[in-house]
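J.: My questions all concern the structure below.
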Amino acid sequence: MAKPIVQRKYTLSERIYLVEIIKGLGLTWKHFIFNFKASLKPGPHTVPTCWQYPWDRREIAPIFRGEHMLSLDDKGREKCIACGMCARICPAQCITVKKGKVKEGEEEKYAGKFYPVSFEIDLLRCIFCGFCEETCPKNAIVLGQGYELAQYESKECVLTKDKLIENYRSALESGNLKPPRKKVPVAGAKEKKPAKSKVQKKTEAQEA
Amino acid sequence: MGPVKQRIANEDYVTINVGPSHPAMHGTLRAIAYVSGETVLGTDLEIGYLHRGVEKLGENLTYHQFIPITDRLNYCSAIANNVSYEMAVEKLMGLEVPEKAQLIRIIMTELSRIADHIVLVGILGVDLGAFTPFFYLFIQREEIYEIFEWYNGARLTNTFGRIGGVEAPLPEDFEERWSKLKKGLDKAIGETDKLLTHNRIWMDRTIGVTPISADDALNWGFTGPCLRACGVKRDLRKDEPYSLYHQFDFEIPTGKHGDVFDRYMVRMIEMRESVKIIDQAFAMYKELGPDEPLMAKVPKIIRPPEGEVYHAIESPNGELGFYIKSDGTDKPYRIKIRPPCYMIFQAFDELIQGEMISDLIACLSSLNIIAGELDR
Amino acid sequence: MNDWTIAIIKVVFIWSWTLLIATIMTWVERRGSALIQDRLGPNIAGPFGLFQPLADGIKLFTKEEFAPKHAHKILFTLGPVLFAVQAFSAYAVIPFGDKIVINAKEIVLQVADVNIGFLFVLAVGSLAVYGFVVGGWGSNNKYSLLGGLRATAQLLSYEVPLGLAMLAVCMTYSSFSLREISLDQAGTFLGFLPNWGFFKQPLGFLVFLVAAFAEANRVPFDLPEAESELVAGYHTEYGGMRLGLYLFGEYVNLYTLSALMVTIYFGAWHLPYIDMSAYLSPFAYGIASFVVFFLKCAFFLWLFVWVRWTIPRFRFDQLMGLGWKSLIPLGLLNLFVTAFFIQISL
């Protein structure tokens, strides 16, 4: 395979290395002076492009896909009905749900008829894709803004239900809750009539 | 004895291992260089250190679940992979994606093209000793990541788009973010140009280093900027227009000799062309109302009809193609990915014969070999 | 105080002063490079990160002194030692100020006023090659060997332009002793230009500057330790204080070269048109000359850092081509032109 021979004629200012080098030096000098003056200001965030973590944190978008949480409704009941949709759709298969039926005395704790006896998310497998949040019919599992997920032992990286609810409570306190996802308009979708309940259908049948 | 060793059996050489973990950061590849003095006589290449069985995973996941896996192929420009895969499945199912969704896809793909080219130019500078343009460019890449974060929630591995469309409209502050980013990009690319392009040290290091003729490049299967640097004007966005690219006005830069300098210049000019495309696409986007559909009508469980399809898009690295064979169930029978840098990396041994060790590093940098895509 | 005590005090002072400058240079390098690259450098260890060199020094001292399994036991340690010894001793003949008067005794601010001053500097400077080669060979590592070989060829070839430029300066000031060259740079010539070497030898200064970059192994000539190509060149296998000796030796070399540049081209301790000894007491004059000399050196040290983060590095054959095909002819041309001007007694 013959390699092409490349030749290029250099202009005079390119041949003497110095002209371009001095131009480059001028450019870096401008950056240096700007940053030097900025670094003398007080406060952690002095140079505009440098965030001094952990004293200075960048603003995270409210829709950031970080650490998971199981939400409660406004009466304080757990929303999750242990349907298992999130575990089904997870590409990394990191969610394990065990279903249990709500007993008679425990209605203030759970919103639905079923509740998760155990709900575990293995953070070491999760790829933070957000499919579980998207597919949950009750908006129970939500991906929050936590990104500081490092632990010393791998056991602590498996989030249990208590930890997930605790995440929700701390997000509620700090006001970082994500608004629920808006449904995306679909092409060719007809206007859906509101669904009729059983009582309504019975009265219509009786009237007819 | 492998072919390389047979070829150089009569020469006096030393084996140098540019090993899987080396400071020239290109992912995990191994190049065993046979060197005589400073001249490289041949290289044995070893890949597969980042093989994760992506294609096999695809056989056990549904079409929707495979989208986050495609993110991790070319992780510098994750959105291009997502879009390519989704378009392949839509072609198989015969879906028509609404216009607003296509515009969003184009805007995001071009942004990730800019991000990928920034990585290449920055890392090429670092490998050749110019450390500062890397920082100036990567600050702009952070701004691009912020746009992705405010659109989707994730910065690097955004699971962008769904089969049939996209999952959200552009955020409300996109316009001001984009105008700020445009100014920043212009300044950063201009500064990199000033520091590098006419600097004789840079030109000596990159002009005439590992050139390749257009015929040889086509024979090896080159696509993308590496092929355009040889003078072949081939770009899937103009030659086989997909999506709405036929409506936009942009140029295809080509080089002449296919050496490191041409590959670098082609990418610098392509970044500016992408900015133009995003401007035009966003102007079209603003004219569409907020109620325009963003998804085509897809069933809850996607079961494409039996058949096979191949669809490729112009990803920042070249022609990224997906071949999907479906047997009527909800999981694909076989997904095959055509990674652009696999074909380009084949030519590395021929390119590097007779050059020096420093050129080996420069060439490896300029080919934009991303191990995630190479090994899948 | 007799002469021996003064000499020992001067030696100790110079040794600790250069070491201090080397440690401060690590801070300047990290902070300067960061501010050029739109980020902050070390700023946690002390105000503006000024204690960072101390932290680095403690780290290097307390790290485990290991050697690779098949490294040559003696040569592995000898390399950095040779390099550091050479770096420190080259400064012995370079003046760092004019006279100072303490207790009515005149002390010349130079450790040894040898009358073949600059030959000594060149000779000791070329011992740096031993440091690289011995270290590279003793590491039993192909990368280090390559780095050591590159360093040898580079340092040896760039000593020729260095010597040629210095030779032209010696012809201009008709002396080999560095102290006499600095004393000769007082006053003006041609009416308005100071008598500095820079104005008499602009081409020589350029040649010397480029050769100094190459002698100090700094970008654009830092191939022996090119980070992305050869992991870390000749100091790949080193850790702990042996690495510390290499790194400090490099900065001390840098300081020596900038001091040399200031001495022969920028008037050592002279201010352009002002004669300080007329205004200050002899003691204050000594201190002032030291300070002026140091400030000029500081500018050149900053220049080394500034250039490092701006331009890419050369490829090895281009580096050798620049040295042999461009700098040596320029140096010879400079020599002939200087000789011509001296002959017509300008």
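Letters A, B, ... go to the chains of the structure tokens in the order shown; residues in each chain start at 1; ligands are counted from 1 in the same order.
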Within 10 Å of chain B, which residues of chain C show up when using only C-alpha atoms, listed as a PDB file with N, CA and C atoms, in the first residue's frame?

T.:
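File written: part.pdb
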```pdb
ATOM      1  N   SER C  33      -0.192  26.891  36.244  1.00  0.00           N
ATOM      2  CA  SER C  33      -0.827  26.091  35.199  1.00  0.00           C
ATOM      3  C   SER C  33      -2.324  26.056  35.399  1.00  0.00           C
ATOM      4  N   ALA C  34      -2.759  25.978  36.664  1.00  0.00           N
ATOM      5  CA  ALA C  34      -4.197  25.939  36.907  1.00  0.00           C
ATOM      6  C   ALA C  34      -4.862  27.239  36.497  1.00  0.00           C
ATOM      7  N   ILE C  36      -3.917  29.303  34.274  1.00  0.00           N
ATOM      8  CA  ILE C  36      -3.963  29.415  32.820  1.00  0.00           C
ATOM      9  C   ILE C  36      -5.109  28.567  32.283  1.00  0.00           C
ATOM     10  N   GLN C  37      -5.371  27.428  32.940  1.00  0.00           N
ATOM     11  CA  GLN C  37      -6.344  26.500  32.390  1.00  0.00           C
ATOM     12  C   GLN C  37      -7.726  26.694  32.978  1.00  0.00           C
ATOM     13  N   ASP C  38      -8.034  27.899  33.502  1.00  0.00           N
ATOM     14  CA  ASP C  38      -9.377  28.203  33.990  1.00  0.00           C
ATOM     15  C   ASP C  38      -9.769  27.340  35.172  1.00  0.00           C
ATOM     16  N   ARG C  39      -8.851  27.050  36.046  1.00  0.00           N
ATOM     17  CA  ARG C  39      -9.233  26.342  37.263  1.00  0.00           C
ATOM     18  C   ARG C  39      -8.338  26.858  38.379  1.00  0.00           C
ATOM     19  N   LYS C 142      11.759  -0.949  29.729  1.00  0.00           N
ATOM     20  CA  LYS C 142      12.010  -0.448  28.371  1.00  0.00           C
ATOM     21  C   LYS C 142      11.634   1.017  28.217  1.00  0.00           C
ATOM     22  N   TYR C 143      10.544   1.431  28.913  1.00  0.00           N
ATOM     23  CA  TYR C 143      10.166   2.833  28.793  1.00  0.00           C
ATOM     24  C   TYR C 143      11.257   3.725  29.349  1.00  0.00           C
ATOM     25  N   LEU C 146      14.202   3.912  26.975  1.00  0.00           N
ATOM     26  CA  LEU C 146      13.928   4.809  25.846  1.00  0.00           C
ATOM     27  C   LEU C 146      14.032   6.259  26.281  1.00  0.00           C
ATOM     28  N   LEU C 149      17.674   7.178  26.752  1.00  0.00           N
ATOM     29  CA  LEU C 149      18.392   7.373  25.495  1.00  0.00           C
ATOM     30  C   LEU C 149      18.028   8.683  24.833  1.00  0.00           C
ATOM     31  N   ARG C 150      16.692   8.972  24.869  1.00  0.00           N
ATOM     32  CA  ARG C 150      16.274  10.236  24.254  1.00  0.00           C
ATOM     33  C   ARG C 150      16.913  11.399  24.987  1.00  0.00           C
ATOM     34  N   VAL C 219       8.873  21.347  28.208  1.00  0.00           N
ATOM     35  CA  VAL C 219       8.133  21.489  26.962  1.00  0.00           C
ATOM     36  C   VAL C 219       8.574  22.769  26.285  1.00  0.00           C
ATOM     37  N   PRO C 220       8.799  22.837  24.974  1.00  0.00           N
ATOM     38  CA  PRO C 220       8.483  21.800  24.012  1.00  0.00           C
ATOM     39  C   PRO C 220       9.518  20.697  23.841  1.00  0.00           C
ATOM     40  N   PHE C 221      10.477  20.579  24.736  1.00  0.00           N
ATOM     41  CA  PHE C 221      11.509  19.581  24.527  1.00  0.00           C
ATOM     42  C   PHE C 221      11.454  18.485  25.575  1.00  0.00           C
ATOM     43  N   ASP C 222      10.275  18.168  26.082  1.00  0.00           N
ATOM     44  CA  ASP C 222      10.266  17.265  27.230  1.00  0.00           C
ATOM     45  C   ASP C 222      10.012  15.826  26.838  1.00  0.00           C
ATOM     46  N   LEU C 223      10.509  15.421  25.683  1.00  0.00           N
ATOM     47  CA  LEU C 223      10.316  14.035  25.269  1.00  0.00           C
ATOM     48  C   LEU C 223      10.822  12.976  26.226  1.00  0.00           C
ATOM     49  N   ALA C 226       7.977  12.344  28.400  1.00  0.00           N
ATOM     50  CA  ALA C 226       6.685  12.629  27.780  1.00  0.00           C
ATOM     51  C   ALA C 226       5.612  11.764  28.412  1.00  0.00           C
ATOM     52  N   GLU C 227       4.653  12.379  29.017  1.00  0.00           N
ATOM     53  CA  GLU C 227       3.732  11.585  29.812  1.00  0.00           C
ATOM     54  C   GLU C 227       2.840  10.683  28.995  1.00  0.00           C
ATOM     55  N   SER C 228       2.404  11.147  27.857  1.00  0.00           N
ATOM     56  CA  SER C 228       1.442  10.307  27.171  1.00  0.00           C
ATOM     57  C   SER C 228       2.115   9.268  26.318  1.00  0.00           C
ATOM     58  N   GLU C 229       3.387   9.405  26.077  1.00  0.00           N
ATOM     59  CA  GLU C 229       4.010   8.443  25.183  1.00  0.00           C
ATOM     60  C   GLU C 229       4.686   7.324  25.937  1.00  0.00           C
ATOM     61  N   LEU C 230       5.487   7.686  26.904  1.00  0.00           N
ATOM     62  CA  LEU C 230       6.281   6.649  27.527  1.00  0.00           C
ATOM     63  C   LEU C 230       5.930   6.507  28.990  1.00  0.00           C
ATOM     64  N   VAL C 231       4.684   6.579  29.335  1.00  0.00           N
ATOM     65  CA  VAL C 231       4.250   6.615  30.735  1.00  0.00           C
ATOM     66  C   VAL C 231       4.959   7.748  31.444  1.00  0.00           C
ATOM     67  N   ALA C 232       6.167   7.577  31.901  1.00  0.00           N
ATOM     68  CA  ALA C 232       6.830   8.744  32.473  1.00  0.00           C
ATOM     69  C   ALA C 232       8.305   8.762  32.158  1.00  0.00           C
ATOM     70  N   ARG C 308       5.409  26.214  29.007  1.00  0.00           N
ATOM     71  CA  ARG C 308       5.086  24.785  29.087  1.00  0.00           C
ATOM     72  C   ARG C 308       3.620  24.517  28.803  1.00  0.00           C
ATOM     73  N   TRP C 309       2.761  25.399  29.303  1.00  0.00           N
ATOM     74  CA  TRP C 309       1.336  25.113  29.168  1.00  0.00           C
ATOM     75  C   TRP C 309       0.731  25.738  27.935  1.00  0.00           C
ATOM     76  N   THR C 310       1.542  26.220  27.031  1.00  0.00           N
ATOM     77  CA  THR C 310       0.979  26.853  25.837  1.00  0.00           C
ATOM     78  C   THR C 310       1.214  26.050  24.578  1.00  0.00           C
ATOM     79  N   ILE C 311       2.392  25.493  24.412  1.00  0.00           N
ATOM     80  CA  ILE C 311       2.695  24.893  23.108  1.00  0.00           C
ATOM     81  C   ILE C 311       2.892  23.380  23.222  1.00  0.00           C
ATOM     82  N   PRO C 312       2.602  22.650  22.133  1.00  0.00           N
ATOM     83  CA  PRO C 312       2.809  21.205  22.150  1.00  0.00           C
ATOM     84  C   PRO C 312       4.286  20.859  22.081  1.00  0.00           C
ATOM     85  N   ARG C 313       4.578  19.551  22.150  1.00  0.00           N
ATOM     86  CA  ARG C 313       5.993  19.176  22.186  1.00  0.00           C
ATOM     87  C   ARG C 313       6.447  18.662  20.832  1.00  0.00           C
ATOM     88  N   PHE C 314       7.770  18.659  20.686  1.00  0.00           N
ATOM     89  CA  PHE C 314       8.350  18.217  19.433  1.00  0.00           C
ATOM     90  C   PHE C 314       8.403  16.712  19.364  1.00  0.00           C
ATOM     91  N   ARG C 315       8.497  16.227  18.162  1.00  0.00           N
ATOM     92  CA  ARG C 315       8.816  14.815  17.950  1.00  0.00           C
ATOM     93  C   ARG C 315      10.315  14.695  17.962  1.00  0.00           C
ATOM     94  N   PHE C 316      10.837  13.500  18.216  1.00  0.00           N
ATOM     95  CA  PHE C 316      12.255  13.429  18.501  1.00  0.00           C
ATOM     96  C   PHE C 316      13.127  13.825  17.323  1.00  0.00           C
ATOM     97  N   ASP C 317      12.759  13.394  16.113  1.00  0.00           N
ATOM     98  CA  ASP C 317      13.645  13.751  15.007  1.00  0.00           C
ATOM     99  C   ASP C 317      13.544  15.237  14.681  1.00  0.00           C
ATOM    100  N   GLN C 318      12.374  15.822  14.947  1.00  0.00           N
ATOM    101  CA  GLN C 318      12.260  17.269  14.709  1.00  0.00           C
ATOM    102  C   GLN C 318      13.092  18.038  15.731  1.00  0.00           C
ATOM    103  N   LEU C 319      13.133  17.478  16.955  1.00  0.00           N
ATOM    104  CA  LEU C 319      13.930  18.122  17.990  1.00  0.00           C
ATOM    105  C   LEU C 319      15.398  18.116  17.597  1.00  0.00           C
TER     106      LEU C 319
END
```

J.: What are the residues of chain A lining chain C at 6 Å or less? Count only C-alpha atoms, and put the answer as a PyMOL selection string.

T.: chain A and resi 28+31-32+35+50

J.: Check which residues of range 36-70 of chain C sit at most 10 Å from range 243-258 of chain C using only C-alpha atoms, and return one row each with the closest pair of atoms and their distance in Å to one decimal, ordered by chain and rising number, as CSV.

T.:
```
residue,atom,partner,partner_atom,distance
C:Asp56,CA,C:Gly244,CA,9.2
C:Gly57,CA,C:Gly244,CA,7.9
C:Lys59,CA,C:Gly244,CA,9.7
C:Leu60,CA,C:Gly244,CA,6.3
C:Phe61,CA,C:Gly244,CA,8.2
C:Glu65,CA,C:Leu243,CA,9.8
```

J.: Please, could you write that set of residues out with N, CA and C atoms as a PDB file, in the first residue's frame?

T.:
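Result written to out-v7.pdb:
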```
ATOM      1  N   ASP C  56       3.855  18.099  49.910  1.00  0.00           N
ATOM      2  CA  ASP C  56       4.468  17.208  48.926  1.00  0.00           C
ATOM      3  C   ASP C  56       5.784  16.666  49.412  1.00  0.00           C
ATOM      4  N   GLY C  57       6.561  17.538  50.075  1.00  0.00           N
ATOM      5  CA  GLY C  57       7.848  17.086  50.587  1.00  0.00           C
ATOM      6  C   GLY C  57       7.677  15.999  51.629  1.00  0.00           C
ATOM      7  N   LYS C  59       5.191  14.009  51.900  1.00  0.00           N
ATOM      8  CA  LYS C  59       4.737  12.790  51.234  1.00  0.00           C
ATOM      9  C   LYS C  59       5.895  12.037  50.621  1.00  0.00           C
ATOM     10  N   LEU C  60       6.785  12.778  49.927  1.00  0.00           N
ATOM     11  CA  LEU C  60       7.883  12.091  49.267  1.00  0.00           C
ATOM     12  C   LEU C  60       8.831  11.458  50.271  1.00  0.00           C
ATOM     13  N   PHE C  61       9.032  12.122  51.406  1.00  0.00           N
ATOM     14  CA  PHE C  61       9.922  11.546  52.405  1.00  0.00           C
ATOM     15  C   PHE C  61       9.356  10.274  53.004  1.00  0.00           C
ATOM     16  N   GLU C  65      10.277   3.232  50.037  1.00  0.00           N
ATOM     17  CA  GLU C  65      11.341   3.243  49.042  1.00  0.00           C
ATOM     18  C   GLU C  65      11.448   1.856  48.442  1.00  0.00           C
TER      19      GLU C  65
END
```

J.: Excluding range 175-186 of chain A and any residue of its chain fewer than 3 positions from it, enumerate the residues within 10 Å of it, using only C-alpha atoms, and give them as JSON, numbers by chain.

T.: {"A": [60, 61, 62, 63, 64, 71, 133, 134, 139, 142, 143, 144, 145, 168, 169, 170, 171, 172, 189, 190], "B": [98, 164, 165, 166, 167, 168, 169, 290, 291, 292, 293, 294, 295, 296, 297, 298]}

J.: Could you save the residues just selected, with C-alpha atoms, as a compact mmCIF listing (two decimals), in the first residue's frame?

T.:
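Output (again13.txt):
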```
# COMPACT_ATOMS: atom_id res chain seq x y z
CA ILE A 60 -28.78 20.00 39.92
CA ALA A 61 -31.77 19.95 37.58
CA PRO A 62 -35.04 18.96 39.29
CA ILE A 63 -35.47 16.10 36.81
CA PHE A 64 -32.06 14.62 37.58
CA SER A 71 -43.11 8.33 47.71
CA GLU A 133 -40.14 5.84 37.32
CA GLU A 134 -41.69 6.10 33.89
CA ASN A 139 -45.96 7.43 40.62
CA VAL A 142 -39.18 8.37 41.77
CA LEU A 143 -35.57 9.09 40.96
CA GLY A 144 -34.38 11.97 43.08
CA GLN A 145 -31.37 14.22 43.16
CA TYR A 168 -38.51 10.66 50.18
CA ARG A 169 -38.94 12.33 53.53
CA SER A 170 -35.64 14.22 53.28
CA ALA A 171 -36.48 15.30 49.73
CA LEU A 172 -39.87 16.52 50.96
CA ALA A 189 -54.54 9.80 19.44
CA LYS A 190 -58.27 10.37 19.62
CA PRO B 98 -43.74 13.10 14.01
CA GLY B 164 -41.59 6.09 18.01
CA GLY B 165 -40.43 9.48 19.18
CA VAL B 166 -38.94 11.29 22.13
CA GLU B 167 -40.02 11.40 25.74
CA ALA B 168 -40.17 15.13 26.48
CA PRO B 169 -40.18 18.49 24.69
CA PRO B 290 -46.81 23.06 22.04
CA ASP B 291 -49.51 20.53 21.20
CA GLU B 292 -47.72 18.90 18.31
CA PRO B 293 -47.32 15.16 18.86
CA LEU B 294 -43.98 13.90 20.08
CA MET B 295 -44.56 10.15 19.80
CA ALA B 296 -46.01 7.95 17.12
CA LYS B 297 -48.73 5.53 18.12
CA VAL B 298 -46.91 2.46 19.44
```

J.: Just need the residues of chain A within 7 Å of chain B, counting only C-alpha atoms, so spit them out as a list in words.

T.: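 Every residue of chain A that passes the 7 Å test is in Lys3, Pro4, Val6, Glu14, Arg15, Tyr17, Glu20, Ile21, Gly24, Ala61, Ile63, Phe64, Arg65, Ile89, Pro91, Cys129, Val184, Pro185, Val186, Ala187 and Gly188 of chain A.
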
J.: For Gly19 in chain B, work out the shell of residues within 7 Å, counting only C-alpha atoms and skipping chain neighbours fewer than 3 positions away, then give it as a ChimeraX atom specification.

T.: /B:22,29-31

J.: Rank nothing, just name the residue among C:Ser126, C:Ser144, C:Asn115, C:Ser139 nearest to Gln86 in chain C, using only C-alpha atoms.

T.: C:Ser126

J.: So that I can check the secondary structure, give me every residue of range 184-318 of chain C assigned strand (DSSP E or B) by backbone DSSP, as number ranges by chain.

T.: C: 188-189, 193-194

J.: Pick from B:Gly307, B:Gly289, B:Gly231, B:Gly184: nearest to Asp262 in chain B, with only C-alpha atoms counted?

T.: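 For Asp262 in chain B, the nearest of the candidates is B:Gly231.
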
J.: Would you pick out the contacts of Ile8 in chain B at 9 Å or less, using only C-alpha atoms, so that residues sharing its chain but fewer than 3 positions from it are not included, and give the list as a list in words?

T.: Pro3, Val4, Lys5, Glu11, Asp12, Tyr13, Tyr34, Leu41 and Gly42 of chain B

J.: Would you write out those residues with N, CA and C atoms, as a PDB file, in the first residue's frame?

T.:
```pdb
ATOM      1  N   PRO B   3       1.251 -12.785  11.433  1.00  0.00           N
ATOM      2  CA  PRO B   3       1.746 -12.186  10.173  1.00  0.00           C
ATOM      3  C   PRO B   3       2.701 -11.032  10.402  1.00  0.00           C
ATOM      4  N   VAL B   4       2.465 -10.253  11.470  1.00  0.00           N
ATOM      5  CA  VAL B   4       3.359  -9.115  11.692  1.00  0.00           C
ATOM      6  C   VAL B   4       4.743  -9.616  12.057  1.00  0.00           C
ATOM      7  N   LYS B   5       4.782 -10.602  12.937  1.00  0.00           N
ATOM      8  CA  LYS B   5       6.099 -11.090  13.356  1.00  0.00           C
ATOM      9  C   LYS B   5       6.831 -11.768  12.216  1.00  0.00           C
ATOM     10  N   GLU B  11      14.499  -8.526  11.120  1.00  0.00           N
ATOM     11  CA  GLU B  11      14.991  -7.233  11.549  1.00  0.00           C
ATOM     12  C   GLU B  11      15.303  -7.275  13.043  1.00  0.00           C
ATOM     13  N   ASP B  12      16.004  -6.254  13.459  1.00  0.00           N
ATOM     14  CA  ASP B  12      16.443  -6.175  14.842  1.00  0.00           C
ATOM     15  C   ASP B  12      15.448  -5.284  15.572  1.00  0.00           C
ATOM     16  N   TYR B  13      14.624  -5.852  16.411  1.00  0.00           N
ATOM     17  CA  TYR B  13      13.603  -4.994  17.002  1.00  0.00           C
ATOM     18  C   TYR B  13      13.450  -5.255  18.491  1.00  0.00           C
ATOM     19  N   TYR B  34       6.488  -3.220  17.613  1.00  0.00           N
ATOM     20  CA  TYR B  34       7.837  -3.735  17.380  1.00  0.00           C
ATOM     21  C   TYR B  34       8.642  -2.581  16.825  1.00  0.00           C
ATOM     22  N   LEU B  41       8.154  -0.891  13.361  1.00  0.00           N
ATOM     23  CA  LEU B  41       8.156  -1.796  12.227  1.00  0.00           C
ATOM     24  C   LEU B  41       6.795  -2.447  12.035  1.00  0.00           C
ATOM     25  N   GLY B  42       6.056  -2.604  13.101  1.00  0.00           N
ATOM     26  CA  GLY B  42       4.736  -3.207  12.980  1.00  0.00           C
ATOM     27  C   GLY B  42       4.084  -3.203  14.347  1.00  0.00           C
TER      28      GLY B  42
END
```
